[in-house]
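Raw model.csv, CSV, C-alpha atoms:
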```
chain,number,residue,atom,x,y,z
A,1,MET,CA,8.0,-54.9,-43.3
A,2,VAL,CA,8.4,-55.2,-39.6
A,3,LEU,CA,11.8,-54.8,-37.9
A,4,LYS,CA,12.3,-56.7,-34.7
A,5,SER,CA,14.6,-55.7,-31.9
A,6,SER,CA,17.3,-58.0,-30.6
A,7,LEU,CA,18.6,-55.8,-27.8
A,8,LEU,CA,16.5,-53.2,-26.0
A,9,PRO,CA,18.0,-50.3,-24.1
A,10,GLU,CA,16.5,-49.2,-20.8
A,11,LYS,CA,16.4,-45.5,-21.5
A,12,SER,CA,15.0,-45.3,-25.0
A,13,SER,CA,11.6,-45.1,-26.5
A,14,ILE,CA,9.8,-46.1,-29.7
A,15,ALA,CA,6.9,-43.9,-30.7
A,16,PRO,CA,5.0,-44.8,-33.8
A,17,PRO,CA,2.3,-42.2,-34.7
A,18,ALA,CA,-0.4,-42.1,-32.1
A,19,LEU,CA,1.4,-44.6,-29.9
A,20,SER,CA,4.1,-44.3,-27.3
A,21,ILE,CA,6.0,-47.3,-26.0
A,22,LYS,CA,8.7,-46.9,-23.3
A,23,PHE,CA,11.5,-49.4,-22.9
A,24,PRO,CA,12.2,-51.9,-21.4
A,25,SER,CA,9.8,-54.0,-23.4
A,26,PRO,CA,9.8,-57.6,-24.5
A,27,GLN,CA,12.2,-58.9,-27.1
A,28,GLY,CA,10.7,-58.9,-30.6
A,29,GLN,CA,9.1,-55.5,-30.3
A,30,LYS,CA,7.6,-54.5,-33.7
A,31,LEU,CA,8.5,-51.2,-35.3
A,32,ASP,CA,6.1,-49.9,-37.9
A,33,GLU,CA,6.7,-47.5,-40.8
A,34,LYS,CA,6.8,-43.9,-39.6
A,35,GLY,CA,7.9,-45.0,-36.2
A,36,ARG,CA,10.2,-42.7,-34.3
A,37,LEU,CA,13.2,-43.8,-32.2
A,38,SER,CA,15.0,-41.6,-29.7
A,39,MET,CA,18.0,-42.9,-27.9
A,40,ALA,CA,19.3,-41.7,-24.6
A,41,ALA,CA,23.0,-41.2,-23.8
A,42,GLY,CA,24.8,-44.5,-23.6
A,43,ALA,CA,21.8,-46.5,-25.1
A,44,GLU,CA,22.1,-49.1,-27.8
A,45,LEU,CA,19.5,-50.9,-29.9
A,46,ASN,CA,20.1,-53.5,-32.5
A,47,LEU,CA,17.4,-54.4,-35.1
A,48,ARG,CA,17.2,-57.1,-37.7
A,49,SER,CA,14.8,-57.1,-40.7
A,50,PRO,CA,13.1,-60.2,-42.1
A,51,THR,CA,15.6,-59.9,-45.0
A,52,GLY,CA,18.6,-60.1,-42.7
A,53,ASP,CA,19.6,-56.4,-42.7
A,54,GLU,CA,21.1,-55.4,-39.3
A,55,ILE,CA,20.8,-51.8,-38.0
A,56,GLY,CA,22.5,-50.7,-34.7
A,57,PHE,CA,21.4,-47.4,-33.2
A,58,ARG,CA,23.8,-45.8,-30.8
A,59,ASP,CA,24.1,-43.1,-28.2
A,60,LYS,CA,21.9,-40.0,-28.5
A,61,SER,CA,20.4,-40.9,-31.9
A,62,TYR,CA,17.1,-39.6,-33.2
A,63,ILE,CA,15.6,-41.4,-36.3
A,64,VAL,CA,12.3,-41.9,-38.2
A,65,LEU,CA,11.6,-45.1,-40.0
A,66,SER,CA,10.3,-43.4,-43.1
A,67,LYS,CA,9.8,-46.4,-45.3
A,68,LEU,CA,9.6,-50.1,-44.4
A,69,GLU,CA,8.2,-52.0,-47.4
A,70,GLN,CA,8.5,-55.6,-48.3
A,71,ASP,CA,6.8,-57.5,-51.1
A,72,GLY,CA,8.3,-60.9,-51.5
A,73,GLN,CA,12.0,-60.5,-52.3
A,74,ARG,CA,11.7,-56.8,-53.0
A,75,SER,CA,12.2,-54.4,-50.0
A,76,ASN,CA,12.5,-50.7,-49.7
A,77,THR,CA,13.8,-49.1,-46.5
A,78,GLN,CA,14.5,-45.5,-45.7
A,79,ILE,CA,15.8,-44.3,-42.3
A,80,ASP,CA,15.9,-40.6,-41.6
A,81,LEU,CA,18.7,-40.0,-39.2
A,82,PHE,CA,18.5,-36.5,-37.6
A,83,GLN,CA,21.2,-36.9,-35.0
A,84,GLY,CA,23.4,-39.6,-33.6
A,85,LYS,CA,25.0,-42.7,-35.1
A,86,ILE,CA,23.8,-45.9,-36.7
A,87,GLN,CA,25.8,-48.9,-37.9
A,88,VAL,CA,24.2,-50.7,-40.8
A,89,LYS,CA,24.8,-54.1,-42.5
A,90,VAL,CA,22.6,-54.5,-45.6
A,91,GLN,CA,22.3,-57.8,-47.4
A,92,LYS,CA,22.8,-57.8,-51.2
A,93,LEU,CA,19.6,-56.2,-52.5
A,94,GLU,CA,17.5,-57.3,-55.4
A,95,LYS,CA,17.5,-55.0,-58.4
A,96,GLU,CA,14.2,-53.2,-57.5
A,97,SER,CA,15.0,-52.9,-53.8
A,98,SER,CA,16.5,-50.0,-52.0
A,99,PHE,CA,18.1,-49.1,-48.6
A,100,ILE,CA,18.5,-45.4,-47.9
A,101,VAL,CA,19.8,-43.4,-44.9
A,102,LYS,CA,18.8,-39.8,-45.2
A,103,THR,CA,20.3,-37.1,-43.0
A,104,PRO,CA,19.9,-33.3,-42.9
A,105,SER,CA,22.9,-32.9,-45.2
A,106,ALA,CA,23.2,-36.2,-47.2
A,107,VAL,CA,21.5,-39.2,-48.7
A,108,ALA,CA,23.3,-42.6,-48.6
A,109,GLY,CA,22.1,-45.4,-50.8
A,110,VAL,CA,23.4,-49.0,-50.5
A,111,ARG,CA,23.0,-52.4,-52.1
A,112,GLY,CA,24.9,-54.8,-49.8
A,113,THR,CA,27.1,-52.9,-47.5
A,114,LEU,CA,28.6,-52.5,-44.0
A,115,PHE,CA,28.9,-48.9,-43.0
A,116,VAL,CA,28.5,-46.4,-40.1
A,117,CYS,CA,26.6,-43.2,-40.5
A,118,GLU,CA,26.8,-40.3,-38.0
A,119,VAL,CA,25.1,-36.9,-37.9
A,120,SER,CA,26.6,-34.3,-35.7
A,121,VAL,CA,24.7,-31.6,-33.8
A,122,ASN,CA,25.6,-29.1,-36.5
A,123,GLY,CA,23.9,-31.3,-39.1
A,124,SER,CA,27.1,-32.6,-40.9
A,125,THR,CA,27.2,-36.2,-41.9
A,126,GLN,CA,30.0,-38.7,-41.7
A,127,VAL,CA,29.9,-42.2,-43.4
A,128,ILE,CA,32.6,-44.8,-42.8
A,129,VAL,CA,32.5,-47.7,-45.2
A,130,LEU,CA,33.7,-51.1,-44.0
A,131,GLY,CA,32.4,-53.3,-46.9
A,132,GLY,CA,30.6,-52.8,-50.2
A,133,GLU,CA,29.9,-49.3,-51.6
A,134,VAL,CA,27.8,-46.4,-50.5
A,135,GLY,CA,26.5,-43.8,-52.9
A,136,MET,CA,26.4,-40.3,-51.3
A,137,ARG,CA,24.6,-37.1,-52.5
A,138,ASP,CA,23.1,-34.0,-51.1
A,139,PRO,CA,19.4,-34.2,-50.2
A,140,GLY,CA,18.3,-32.0,-53.1
A,141,GLY,CA,20.5,-33.8,-55.7
A,142,ARG,CA,22.0,-30.5,-56.8
A,143,LEU,CA,25.7,-31.5,-56.4
A,144,PRO,CA,27.5,-34.5,-58.0
A,145,ALA,CA,27.1,-37.8,-56.2
A,146,ALA,CA,30.1,-39.6,-54.8
A,147,SER,CA,30.9,-43.3,-54.3
A,148,VAL,CA,32.4,-44.3,-51.0
A,149,MET,CA,34.4,-47.6,-51.0
A,150,PRO,CA,35.7,-49.8,-48.1
A,151,GLY,CA,38.4,-47.9,-46.2
A,152,GLN,CA,37.0,-44.5,-47.1
A,153,VAL,CA,35.3,-41.9,-45.0
A,154,ALA,CA,32.9,-39.3,-46.5
A,155,ARG,CA,32.0,-36.1,-44.8
A,156,VAL,CA,29.1,-34.0,-46.0
A,157,SER,CA,28.7,-30.5,-44.8
A,158,PRO,CA,25.2,-29.0,-44.1
A,159,GLY,CA,25.6,-27.2,-47.4
A,160,GLY,CA,25.8,-30.6,-49.2
A,161,THR,CA,29.5,-30.6,-50.2
A,162,VAL,CA,30.8,-34.3,-50.1
A,163,VAL,CA,34.5,-34.9,-49.3
A,164,VAL,CA,35.7,-38.5,-49.6
A,165,ARG,CA,39.1,-39.6,-48.3
A,166,THR,CA,40.9,-42.9,-47.9
A,167,VAL,CA,42.1,-43.8,-44.4
A,168,PRO,CA,45.1,-46.1,-44.7
A,169,ALA,CA,44.7,-47.5,-41.2
A,170,LEU,CA,41.1,-48.4,-41.9
A,171,VAL,CA,42.0,-50.1,-45.2
A,172,GLN,CA,44.7,-52.1,-43.4
A,173,MET,CA,42.2,-53.1,-40.7
A,174,ILE,CA,39.6,-54.3,-43.3
A,175,GLN,CA,42.3,-56.3,-45.1
A,176,GLN,CA,43.4,-57.9,-41.8
A,177,LEU,CA,39.8,-58.9,-40.9
A,178,ALA,CA,39.3,-60.3,-44.4
A,179,THR,CA,42.5,-62.4,-44.1
A,180,GLN,CA,41.5,-63.6,-40.6
A,181,LYS,CA,38.0,-64.5,-41.8
A,182,LYS,CA,39.4,-66.4,-44.8
A,183,ALA,CA,41.8,-68.3,-42.5
A,184,GLU,CA,39.0,-69.3,-40.2
A,185,GLY,CA,37.0,-70.8,-43.1
A,186,PRO,CA,33.3,-70.6,-43.9
A,187,ASP,CA,30.8,-69.8,-41.2
```
Take the structure in the file and write it out as structure tokens.
Amino acid sequence: MVLKSSLLPEKSSIAPPALSIKFPSPQGQKLDEKGRLSMAAGAELNLRSPTGDEIGFRDKSYIVLSKLEQDGQRSNTQIDLFQGKIQVKVQKLEKESSFIVKTPSAVAGVRGTLFVCEVSVNGSTQVIVLGGEVGMRDPGGRLPAASVMPGQVARVSPGGTVVVRTVPALVQMIQQLATQKKAEGPD
């Protein structure tokens, strides 16, 4: 699978193995599996996959595109987020498909979700779920997994402990947006 960029920052670089590309570059830049992306302060990059998944990389992020597989309707994506923030909107996945964001302290798996994932300098991970459900666990799978629902925030310490809490203001915002969208009618 190839991800194509829709907005390219000036101060970022994509570096697939044995190749270094500096921005700015033409719209539609292809990113291959095992490509690395390092974002400068204030930079932003939005990508869209052929299946319609949207990934927004933000300010001071460092990631590796560990898995980008697509075979017909089946797709498997894994993003290793070492530092920084990404916003992800994943379309509903087929049964044998997967979309995973792996950080130093957590693994987040989704099946049709809108969420934000951020890794701090100390390696802790925060996930904010705006739609769908995110399954969270420690990278080694030693601790119990947790489900994070819309309006909830999960924090995972470098030791792998997952703490999930509901944020009433976030729940209210999600409900207001849903009501507004419903009033506006279909797209």
- request: List the neighbours of Ala41 of chain A out to 9 Å using only C-alpha atoms; skip same-chain residues closer than 3 positions along the sequence, and give me the result as an NGL selection string.
  value: :A and (11 or 44 or 58-61)
- request: Please identify all polymer residues lying at most 12 Å from the point (25.4, -47.1, -41.1) (file coordinates), using all atoms listed in the file, and present the result as a PyMOL selection string.
  value: chain A and resi 46+53-58+78-81+84-90+99-103+107-110+112-119+125-134+153
query: Do you have the atom CA of Pro144 of chain A-atom CA of Pro104 of chain A distance handy?
result: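 Going from atom CA of Pro144 of chain A over to atom CA of Pro104 of chain A covers 16.9 Å.
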Cut-off 12 Å around (21.1, -32.1, -51.8) with all atoms listed in the file: residues as a PDB file with C-alpha atoms, keeping the file's coordinate frame:
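Writing the result to result-v3.pdb gives the following:
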```pdb
ATOM      1  CA  LYS A 102      18.800 -39.800 -45.200  1.00  0.00           C
ATOM      2  CA  THR A 103      20.300 -37.100 -43.000  1.00  0.00           C
ATOM      3  CA  PRO A 104      19.900 -33.300 -42.900  1.00  0.00           C
ATOM      4  CA  SER A 105      22.900 -32.900 -45.200  1.00  0.00           C
ATOM      5  CA  ALA A 106      23.200 -36.200 -47.200  1.00  0.00           C
ATOM      6  CA  VAL A 107      21.500 -39.200 -48.700  1.00  0.00           C
ATOM      7  CA  ALA A 108      23.300 -42.600 -48.600  1.00  0.00           C
ATOM      8  CA  MET A 136      26.400 -40.300 -51.300  1.00  0.00           C
ATOM      9  CA  ARG A 137      24.600 -37.100 -52.500  1.00  0.00           C
ATOM     10  CA  ASP A 138      23.100 -34.000 -51.100  1.00  0.00           C
ATOM     11  CA  PRO A 139      19.400 -34.200 -50.200  1.00  0.00           C
ATOM     12  CA  GLY A 140      18.300 -32.000 -53.100  1.00  0.00           C
ATOM     13  CA  GLY A 141      20.500 -33.800 -55.700  1.00  0.00           C
ATOM     14  CA  ARG A 142      22.000 -30.500 -56.800  1.00  0.00           C
ATOM     15  CA  LEU A 143      25.700 -31.500 -56.400  1.00  0.00           C
ATOM     16  CA  PRO A 144      27.500 -34.500 -58.000  1.00  0.00           C
ATOM     17  CA  ALA A 145      27.100 -37.800 -56.200  1.00  0.00           C
ATOM     18  CA  VAL A 156      29.100 -34.000 -46.000  1.00  0.00           C
ATOM     19  CA  SER A 157      28.700 -30.500 -44.800  1.00  0.00           C
ATOM     20  CA  PRO A 158      25.200 -29.000 -44.100  1.00  0.00           C
ATOM     21  CA  GLY A 159      25.600 -27.200 -47.400  1.00  0.00           C
ATOM     22  CA  GLY A 160      25.800 -30.600 -49.200  1.00  0.00           C
ATOM     23  CA  THR A 161      29.500 -30.600 -50.200  1.00  0.00           C
ATOM     24  CA  VAL A 162      30.800 -34.300 -50.100  1.00  0.00           C
TER      25      VAL A 162
END
```
message: Between atom CA of Leu65 of chain A and atom CA of Gly35 of chain A, what distance in Å does the model show, to one decimal?
response: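 A separation of 5.3 Å between them.
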- request: Using only C-alpha atoms, find the one residue out of A:Thr51, A:Val64, A:Gly123, A:Gln83 that sits nearest to Ser97 of chain A.
  value: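 That would be A:Thr51, the residue with the smallest distance to Ser97 of chain A.
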message: One number please: atom CA of Gln152 of chain A to atom CA of Val171 of chain A, in Å, one decimal.
response: 7.7 Å
field: Minimum-distance residue to Ser38 of chain A, chosen among A:Ile174, A:Leu93, A:Phe82, A:Glu69 (using all atoms listed in the file)
entry: A:Phe82
- request: Select, from A:Ile63, A:Lys182, A:Asn122, A:Gln70, the residue with the minimum atom-to-atom distance to Pro50 of chain A, counting all atoms listed in the file.
  value: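 Closest residue, counting all atoms listed in the file: A:Gln70.
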query: Hey, what's within 10 Å of Glu94 of chain A if we count all atoms listed in the file and toss same-chain stuff fewer than 2 positions away? As JSON, numbers by chain, please?
result: {"A": [73, 74, 75, 91, 92, 96, 97, 98, 111, 112]}
Could I get segment 151-163 of chain A rebuilt with N, CA and C atoms, written as a PDB file, in the frame of the given file?
```pdb
ATOM      1  N   GLY A 151      37.189 -48.626 -46.577  1.00  0.00           N
ATOM      2  CA  GLY A 151      38.400 -47.900 -46.200  1.00  0.00           C
ATOM      3  C   GLY A 151      38.320 -46.424 -46.389  1.00  0.00           C
ATOM      4  N   GLN A 152      37.184 -45.956 -46.867  1.00  0.00           N
ATOM      5  CA  GLN A 152      37.000 -44.500 -47.100  1.00  0.00           C
ATOM      6  C   GLN A 152      36.010 -43.931 -46.119  1.00  0.00           C
ATOM      7  N   VAL A 153      36.189 -42.635 -45.880  1.00  0.00           N
ATOM      8  CA  VAL A 153      35.300 -41.900 -45.000  1.00  0.00           C
ATOM      9  C   VAL A 153      34.780 -40.693 -45.856  1.00  0.00           C
ATOM     10  N   ALA A 154      33.473 -40.478 -45.833  1.00  0.00           N
ATOM     11  CA  ALA A 154      32.900 -39.300 -46.500  1.00  0.00           C
ATOM     12  C   ALA A 154      32.315 -38.383 -45.469  1.00  0.00           C
ATOM     13  N   ARG A 155      32.594 -37.119 -45.651  1.00  0.00           N
ATOM     14  CA  ARG A 155      32.000 -36.100 -44.800  1.00  0.00           C
ATOM     15  C   ARG A 155      31.178 -35.177 -45.691  1.00  0.00           C
ATOM     16  N   VAL A 156      29.973 -34.884 -45.232  1.00  0.00           N
ATOM     17  CA  VAL A 156      29.100 -34.000 -46.000  1.00  0.00           C
ATOM     18  C   VAL A 156      28.683 -32.859 -45.083  1.00  0.00           C
ATOM     19  N   SER A 157      28.979 -31.654 -45.546  1.00  0.00           N
ATOM     20  CA  SER A 157      28.700 -30.500 -44.800  1.00  0.00           C
ATOM     21  C   SER A 157      27.179 -30.158 -44.866  1.00  0.00           C
ATOM     22  N   PRO A 158      26.653 -29.342 -43.959  1.00  0.00           N
ATOM     23  CA  PRO A 158      25.200 -29.000 -44.100  1.00  0.00           C
ATOM     24  C   PRO A 158      24.888 -28.338 -45.409  1.00  0.00           C
ATOM     25  N   GLY A 159      25.867 -27.757 -46.109  1.00  0.00           N
ATOM     26  CA  GLY A 159      25.600 -27.200 -47.400  1.00  0.00           C
ATOM     27  C   GLY A 159      25.605 -28.232 -48.539  1.00  0.00           C
ATOM     28  N   GLY A 160      25.938 -29.486 -48.225  1.00  0.00           N
ATOM     29  CA  GLY A 160      25.800 -30.600 -49.200  1.00  0.00           C
ATOM     30  C   GLY A 160      27.148 -30.963 -49.861  1.00  0.00           C
ATOM     31  N   THR A 161      28.265 -30.298 -49.558  1.00  0.00           N
ATOM     32  CA  THR A 161      29.500 -30.600 -50.200  1.00  0.00           C
ATOM     33  C   THR A 161      30.028 -31.976 -49.614  1.00  0.00           C
ATOM     34  N   VAL A 162      30.364 -32.930 -50.525  1.00  0.00           N
ATOM     35  CA  VAL A 162      30.800 -34.300 -50.100  1.00  0.00           C
ATOM     36  C   VAL A 162      32.346 -34.318 -50.315  1.00  0.00           C
ATOM     37  N   VAL A 163      33.053 -34.683 -49.250  1.00  0.00           N
ATOM     38  CA  VAL A 163      34.500 -34.900 -49.300  1.00  0.00           C
ATOM     39  C   VAL A 163      34.776 -36.321 -48.918  1.00  0.00           C
TER      40      VAL A 163
END
```
